[in-house]
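A quick write-up on the structure given underneath.
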Amino acid sequence: MRKQLVIAMAAAVVLSTFALSGPASATNIGNQGCTPGYWKNHTDNWQEYTPDTKLSELWNFPPELAAYGDWTMIQALQAQGGTGVKGATEILVRAASAAYLNAAHEGLGYPYRRFSSPFNIQLKVNTALASLTRSKIINLATTLDTANNLGCPLN
């Protein structure tokens, strides 16, 4: 009886751990990616995120760029970019939002991961933003944009 109780308690701990850990992360690595324009116009295909997800929930913004933390993912996907560090930040958050949506989607084989190797998107975005250097921010945005344009298999 005691052994059954211990097993039942262990099972409950395992189940609650999985239940509290949130949605599963996509693990399919490949050469597919959908553009910011695709995600902006197909919010019904989003997995794990909503158009109202705040960018501050995804990335760390230095004080000089703190206003971008209040933006939502849909606002980021609509960003136009521009000159200076702020313009580069808009370009990056657009590309990075699409990259997160690509990496989170179970039906896509995106080449990068959000939180782990290879190519931890979150770490790279946080590092680029913290640098406050336009060229570093643009270089990362270009890398992500290239992956976002690999070809979208979704409807």
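Here, A, B, ... name the chains of the structure tokens in the order displayed, residue numbers run from 1 inside each chain, and ligands are numbered from 1 in the same displayed order.
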Just want the 10 Å neighbourhood of range 142-155 of chain A, counted on only C-alpha atoms, with same-chain residues fewer than 3 positions away dropped. Output as a short mmCIF file (atom, residue, chain, number, x, y, z; two decimals) with N, CA and C atoms, in the first residue's frame.
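Below is the file that was written, result.cif:
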```
data_model
loop_
_atom_site.label_atom_id
_atom_site.label_comp_id
_atom_site.auth_asym_id
_atom_site.auth_seq_id
_atom_site.Cartn_x
_atom_site.Cartn_y
_atom_site.Cartn_z
N GLY A 30 15.02 22.66 -39.34
CA GLY A 30 15.05 22.47 -40.78
C GLY A 30 15.37 23.76 -41.51
N ASN A 31 14.88 23.87 -42.70
CA ASN A 31 15.14 25.03 -43.55
C ASN A 31 13.84 25.66 -44.03
N GLN A 32 12.97 25.99 -43.08
CA GLN A 32 11.71 26.63 -43.40
C GLN A 32 11.55 27.87 -42.52
N GLY A 33 10.86 28.85 -43.04
CA GLY A 33 10.58 30.04 -42.26
C GLY A 33 9.56 30.91 -42.96
N CYS A 34 8.66 31.49 -42.19
CA CYS A 34 7.64 32.38 -42.72
C CYS A 34 8.00 33.83 -42.36
N THR A 35 7.67 34.73 -43.25
CA THR A 35 8.04 36.14 -43.11
C THR A 35 7.20 36.86 -42.06
N PRO A 36 7.67 38.04 -41.64
CA PRO A 36 6.82 38.85 -40.75
C PRO A 36 5.46 39.15 -41.39
N TYR A 38 3.75 37.26 -43.41
CA TYR A 38 2.90 36.07 -43.27
C TYR A 38 2.26 36.06 -41.88
N HIS A 42 -1.68 36.15 -40.66
CA HIS A 42 -2.18 34.81 -40.33
C HIS A 42 -2.08 34.56 -38.82
N ASN A 45 -2.69 31.19 -37.13
CA ASN A 45 -1.69 30.11 -37.15
C ASN A 45 -0.66 30.24 -36.04
N ILE A 91 13.58 47.16 -36.77
CA ILE A 91 13.87 46.12 -37.76
C ILE A 91 14.12 44.79 -37.07
N LEU A 92 14.86 44.84 -35.95
CA LEU A 92 15.15 43.60 -35.22
C LEU A 92 13.91 43.01 -34.58
N ARG A 94 10.87 43.23 -35.48
CA ARG A 94 10.03 42.64 -36.53
C ARG A 94 10.57 41.27 -36.92
N ALA A 95 11.86 41.20 -37.22
CA ALA A 95 12.46 39.92 -37.63
C ALA A 95 12.45 38.90 -36.49
N ALA A 96 12.73 39.36 -35.27
CA ALA A 96 12.78 38.45 -34.13
C ALA A 96 11.39 37.93 -33.75
N SER A 97 10.37 38.76 -33.89
CA SER A 97 9.01 38.28 -33.61
C SER A 97 8.63 37.17 -34.59
N ALA A 98 8.93 37.37 -35.86
CA ALA A 98 8.66 36.32 -36.85
C ALA A 98 9.49 35.08 -36.54
N ALA A 99 10.73 35.27 -36.13
CA ALA A 99 11.59 34.13 -35.80
C ALA A 99 11.01 33.34 -34.63
N TYR A 100 10.51 34.03 -33.60
CA TYR A 100 9.89 33.33 -32.47
C TYR A 100 8.67 32.53 -32.92
N LEU A 101 7.84 33.14 -33.76
CA LEU A 101 6.64 32.45 -34.25
C LEU A 101 7.03 31.25 -35.10
N ASN A 102 8.05 31.39 -35.91
CA ASN A 102 8.54 30.26 -36.71
C ASN A 102 9.05 29.14 -35.81
N ALA A 103 9.89 29.50 -34.85
CA ALA A 103 10.51 28.50 -33.97
C ALA A 103 9.48 27.82 -33.07
N HIS A 105 6.34 27.12 -33.92
CA HIS A 105 5.32 26.40 -34.68
C HIS A 105 5.75 24.95 -34.93
N GLY A 107 4.60 22.91 -37.03
CA GLY A 107 4.55 22.53 -38.44
C GLY A 107 5.68 23.09 -39.28
N LEU A 108 6.62 23.77 -38.64
CA LEU A 108 7.74 24.38 -39.35
C LEU A 108 9.06 23.78 -38.90
N GLY A 109 9.97 23.64 -39.83
CA GLY A 109 11.33 23.23 -39.50
C GLY A 109 12.23 24.45 -39.56
N TYR A 110 12.15 25.32 -38.54
CA TYR A 110 12.94 26.55 -38.50
C TYR A 110 14.36 26.21 -38.03
N PRO A 111 15.38 26.85 -38.60
CA PRO A 111 16.75 26.47 -38.26
C PRO A 111 17.22 26.91 -36.88
N TYR A 112 16.51 27.83 -36.21
CA TYR A 112 16.98 28.37 -34.93
C TYR A 112 15.98 28.07 -33.82
N ILE A 121 17.87 32.31 -29.97
CA ILE A 121 17.36 33.59 -30.45
C ILE A 121 17.24 34.59 -29.30
N LYS A 136 25.38 45.95 -34.92
CA LYS A 136 25.15 44.64 -34.29
C LYS A 136 23.67 44.27 -34.35
N ILE A 137 22.81 45.25 -34.12
CA ILE A 137 21.37 45.00 -34.15
C ILE A 137 20.93 44.64 -35.58
N ILE A 138 21.41 45.37 -36.56
CA ILE A 138 21.06 45.11 -37.96
C ILE A 138 21.62 43.77 -38.42
N ASN A 139 22.84 43.44 -38.02
CA ASN A 139 23.42 42.15 -38.42
C ASN A 139 22.56 40.98 -37.95
#
```
**OP:** Please run DSSP on the backbone and report, as a ChimeraX atom specification, all residues within range 3-132 of chain A that come out as alpha helix (DSSP H).
**Re:** /A:3-20,36-41,73-77,84-104,121-131
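Here CA of Asp52 in chain A is placed at a distance of 12.0 Å from CA of Gly69 in chain A.
Atom pair CA of Asn126 in chain A / CA of Trp46 in chain A: separated by 22.6 Å.
The two atoms in question, CA of Glu57 in chain A and CA of Thr83 in chain A, are spaced 25.4 Å apart.
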**OP:** Would you return as a VMD selection string the members of range 36-120 of chain A that DSSP assigns to strand (DSSP E or B) on this structure's backbone?
**Re:** chain A and resid 54 72 113 120
Subject >> For Gly81 in chain A, the nearest of the candidates A:Val93, A:Asn28, A:Pro118, A:Ala130, counting only C-alpha atoms >> reply: A:Val93
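Across A:Lys124, A:Lys54, A:Lys40, A:Arg114, the tightest approach to Leu140 in chain A is made by A:Lys124 when counting only C-alpha atoms.
Within the 7 Å cut-off around Thr72 in chain A, using only C-alpha atoms and omitting residues fewer than 2 positions from it on the same chain, the listed residues are Pro51, Asp52, Thr53, Lys54, Leu55, Asp70, Ile74, Gln75 and Ala76 of chain A.
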